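Novice: My structure is below; once you've seen it, I'll send some questions.
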Amino acid sequence: MKNNQITKAATEQIVSAIKTRLKGRTNPLVVSLDGGSGAGKSTLAAEVASHLGATVIQCDDFFAATITDDEWDTYTSELKCRRCIDWQRMRTEALLPLIAGENAQYHPFSFSSENGLSLSFVTKEPSMVIILDGIYSSLPELSDVVDFKVLVDVLPDVRRYRHNVREGNDDMDWHLRWDSAEDYYFSVLCPPTSFDLIVVNE
């Protein structure tokens, strides 16, 4: 099956499951779209959003910008998983306003700025479906606001190849720093059995 056919099938699975959960619902449904780096989460998030009019929050916009690479390298795999994203900032600046039916506005992460945050704002409008697009989006830290957890399942070798193609190099420093954290996350903190839906996107 070609990649675009697989993406379509995965999209249809997610859309169907979300529509089922929206029946009779009066408040927004928060969906975590999780999976390892290179799983195709952002492509799926965009496809699902186009079918449902969903609001997508890129979790990478809330990367913990104040932690240096040297500091990351002293952390355990569990600590990397739990601190990679500034969940409190994402909750306060993005999730809670959207859940309340209000616009959300925040400064996204930026590699080029001195404090790690872009000078420009991202503005998101509320909708009945809010998608958290990113690895670690299903952590227990967000269990009180995430209603539906989706895992995008892709073989590690395929994900790694896609990640490297996206970055334009083998990205060895990144893999040495983060591969073990991702393995720990999907085996200990959020194993496949903890998700409400698993879709294949290979």
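We label chains A, B, ... in the order they appear in the structure tokens, count residues from 1 in each chain, and number ligands from 1 in the order shown.
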Hey, what's within 6 Å of range 133-147 of chain A if we count only C-alpha atoms and toss same-chain stuff fewer than 2 positions away? As a list in words, please?
Specialist: Val30, Val31, Ser32, Leu33, Asp34, Gly35, Ile57, Gln58, Cys59 and Ile131 of chain A
Novice: Please provide the set of residues having any atom within 8 Å of Ala54 in chain A, restricted to only C-alpha atoms, with same-chain residues fewer than 6 positions apart removed, written as a list of chain:residue names.
Specialist: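 Here the answer would be A:Val48, A:Ser127, A:Met128, A:Val129, A:Ile130, A:Ile131.
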Novice: Could you pull the residues within 8 Å of Ile99 in chain A, counting only C-alpha atoms, minus those fewer than 5 positions along the same chain, as a PDB file with C-alpha atoms, in the first residue's frame?
Specialist:
ATOM      1  CA  ASN A  27     -17.555  20.762  25.444  1.00  0.00           C
ATOM      2  CA  PRO A  28     -14.391  20.451  23.304  1.00  0.00           C
ATOM      3  CA  PRO A 126     -11.492  27.438  19.524  1.00  0.00           C
TER       4      PRO A 126
END
Novice: Enter the distance from CA of Thr26 in chain A to CA of Leu95 in chain A, in Å, rounded to one decimal.
Specialist: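 These atoms are spaced 16.6 Å apart.
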Novice: Just want the 6 Å neighbourhood of range 108-113 of chain A, counted on only C-alpha atoms, with same-chain residues fewer than 2 positions away dropped. Output as a ChimeraX atom specification.
Specialist: /A:61-62,115-118
Novice: CA of Cys81 in chain A and CA of Ala181 in chain A are how many Å apart?
Specialist: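 Between CA of Cys81 in chain A and CA of Ala181 in chain A the gap works out to 6.2 Å.
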Novice: What are the closest atom pairs, with distances in Å to one decimal, for each residue of range 42-68 of chain A lying within 12 Å of range 198-202 of chain A, using only C-alpha atoms, rows by chain and rising residue number, as CSV?
Specialist:
residue,atom,partner,partner_atom,distance
A:Ser42,CA,A:Asn201,CA,11.9
A:Thr43,CA,A:Asn201,CA,10.4
A:Leu44,CA,A:Asn201,CA,9.0
Novice: Next, dump the selected residues to file, keeping only N, CA and C atoms, as an mmCIF file, in the first residue's frame.
Specialist:
data_model
loop_
_atom_site.group_PDB
_atom_site.id
_atom_site.type_symbol
_atom_site.label_atom_id
_atom_site.label_comp_id
_atom_site.auth_asym_id
_atom_site.auth_seq_id
_atom_site.Cartn_x
_atom_site.Cartn_y
_atom_site.Cartn_z
ATOM 1 N N SER A 42 2.261 15.040 12.273
ATOM 2 C CA SER A 42 1.823 16.358 11.810
ATOM 3 C C SER A 42 1.008 16.259 10.524
ATOM 4 N N THR A 43 1.413 15.352 9.636
ATOM 5 C CA THR A 43 0.640 15.135 8.406
ATOM 6 C C THR A 43 -0.755 14.629 8.741
ATOM 7 N N LEU A 44 -0.826 13.660 9.657
ATOM 8 C CA LEU A 44 -2.124 13.124 10.061
ATOM 9 C C LEU A 44 -2.961 14.174 10.778
#
Novice: Take CA of Lys23 in chain A and CA of Asp196 in chain A and report the distance between them in Å, one decimal.
Specialist: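 Between CA of Lys23 in chain A and CA of Asp196 in chain A the gap works out to 16.9 Å.
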Novice: Write out as a list in words which residues come within 8 Å of range 91-94 of chain A when counting only C-alpha atoms, dropping same-chain ones fewer than 6 positions away.
Specialist: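 The residues satisfying every condition are Ile57, Ala104, Gln105, Tyr106 and Lys124 of chain A.
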Novice: I need the alpha helix (DSSP H) residues of range 12-202 of chain A per DSSP on the backbone, written as a ChimeraX atom specification.
Specialist: /A:12-22,41-52,69-72,77-83,87-90,96-99,156-167,172-184
Novice: In range 50-180 of chain A, what's strand (DSSP E) per DSSP? Answer as a ChimeraX atom specification?
Specialist: /A:55-58,104-106,122-124,129-133,148-153
Novice: For each of A:Gly38, A:Gly101, A:Gly24, A:Gly53, take the minimum atom-to-atom distance to Asn164 in chain A, counting only C-alpha atoms, then give the residue where this is smallest.
Specialist: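 Of A:Gly38, A:Gly101, A:Gly24, A:Gly53, the one nearest Asn164 in chain A, counting only C-alpha atoms, is A:Gly38.
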Novice: Go through A:Lys41, A:Arg166, A:Arg89, A:His107 and flag the residue nearest Ala10 in chain A, using only C-alpha atoms for the distances.
Specialist: A:Lys41
Novice: Go through A:Ser37, A:Thr123, A:Leu96, A:Asp173 one by one, measure the shortest atom-to-atom distance of each to Pro156 in chain A using only C-alpha atoms, and give the residue with the smallest value.
Specialist: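 Using only C-alpha atoms, Pro156 in chain A sits closest to A:Ser37.
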